[in-house]
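Engineer: Attaching a single structure in structure tokens format; questions to follow.
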Amino acid sequence: MSHLPATTPIEIWFQDEARIGQKNGRTRIWARRGTRPRLPADQRYKSAYLFGAVCPQRDTGAALMLPWADTVTMNLHLAEISRTVGPGAHAAVLMDRAPWHTASDLKVPKNLTLIFLPARSPELNPVENIWQYLRQNWLSNRVFEDHTDIINAGCDAWNRLMAEPTAISAIATRKWATTGQP
């Protein structure tokens, strides 16, 4: 990013993907003491991927629900992040080292710089906490009828997150990522 003018605003973004599907997780629920509540469980395997990126500083995000995770879909997501970056700003996008993040045919928009987190360190990516929040609040303990239902549920969960004021900044702000920022 040394090629940028000194006055260019820099945004810190975090990116990751979550598989959402019929093999769905379960979360804790309230129940009367001594009872064992029944929860739905699905044995089918259809799924889709929620590509998500958040900028805690601006309390915003960019996401796409896509049928699989590969370089083509990652290019679509990078274009979506690029459109969401503030006017005149440049984004440092922190992400893991998934094969489609490091592919040679990845097309990185000019207003983005990719920064790869150390291997096997999901605790450094706050989007992992975003996925946990989405699952706990809107995606777990349910059965999806078909692929369309999975896509609709993922989109609905992301849109609900975006509608919550300060949710992204509360979940995803990391002091180490904002040191030195105004």
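In the structure tokens, each chain is lettered A, B, ... as it comes, each chain's residues begin at 1, and ligands are numbered from 1 in order of appearance.
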Which residues, written as a PyMOL selection string, have at least one atom at most 12 Å from Val93 of chain A, with only C-alpha atoms counted and residues fewer than 6 positions away on the same chain left out?
Structural biologist: chain A and resi 1+10-16+52-56+61-62+77-78+81-82+85+101+108-109+111-117+125+127+177
Engineer: Pick out each residue of segment 50-127 of chain A that DSSP on the backbone tags as strand (DSSP E or B); I need them as a PyMOL selection string.
Structural biologist: chain A and resi 50-55+60-66+90-95+112-116
Engineer: Which residue is closest to Ala98 of chain A? Choose from A:His3, A:Glu17, A:Ile130, A:Ser140 and count only C-alpha atoms.
Structural biologist: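 Of the candidates, the smallest distance to Ala98 of chain A is held by A:Glu17.
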Engineer: At most 12 Å is the cut-off: for each residue in segment 72-129 of chain A with any atom that close to an atom of segment 149-173 of chain A, write down the nearest atom pair and the distance in Å rounded to one decimal, counting only C-alpha atoms, chain first then increasing number, as a tab-separated table.
Structural biologist:
residue	atom	partner	partner_atom	distance
A:Glu123	CA	A:Ala172	CA	11.3
A:Leu124	CA	A:Ala172	CA	10.2
A:Asn125	CA	A:Ala172	CA	8.3
A:Pro126	CA	A:Ala172	CA	4.9
A:Val127	CA	A:Ala172	CA	6.8
A:Glu128	CA	A:Ala172	CA	9.0
A:Asn129	CA	A:Ile171	CA	6.7
Engineer: How far is it from atom CA of Leu94 of chain A to atom CA of Tyr133 of chain A, in Å with one decimal?
Structural biologist: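 About the pair atom CA of Leu94 of chain A and atom CA of Tyr133 of chain A: they are 19.6 Å apart.
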Engineer: Please list as a compact mmCIF listing (two decimals) with N, CA and C atoms, in the first residue's frame every residue within 10 Å of Thr8 of chain A, counting only C-alpha atoms and excluding residues in the same chain fewer than 4 positions away.
Structural biologist:
# COMPACT_ATOMS: atom_id res chain seq x y z
N MET A 1 0.82 -1.19 0.00
CA MET A 1 0.00 0.00 0.00
C MET A 1 0.86 1.25 0.00
N LEU A 4 0.16 4.26 -2.44
CA LEU A 4 -1.00 5.13 -2.28
C LEU A 4 -0.58 6.50 -1.77
N GLY A 88 -13.09 6.77 -2.44
CA GLY A 88 -11.72 7.26 -2.34
C GLY A 88 -10.84 6.50 -1.37
N ALA A 89 -11.39 5.50 -0.69
CA ALA A 89 -10.62 4.74 0.31
C ALA A 89 -9.97 3.52 -0.34
N HIS A 90 -9.02 2.96 0.38
CA HIS A 90 -8.36 1.72 -0.02
C HIS A 90 -8.54 0.74 1.14
Engineer: List the spatial neighbours of Trp68 of chain A as an MDAnalysis selection string - criterion: any atom at most 12 Å away, only C-alpha atoms, same-chain residues fewer than 6 positions off excluded.
Structural biologist: chainID A and resid 17:21 46:51 74 76 100 147 151
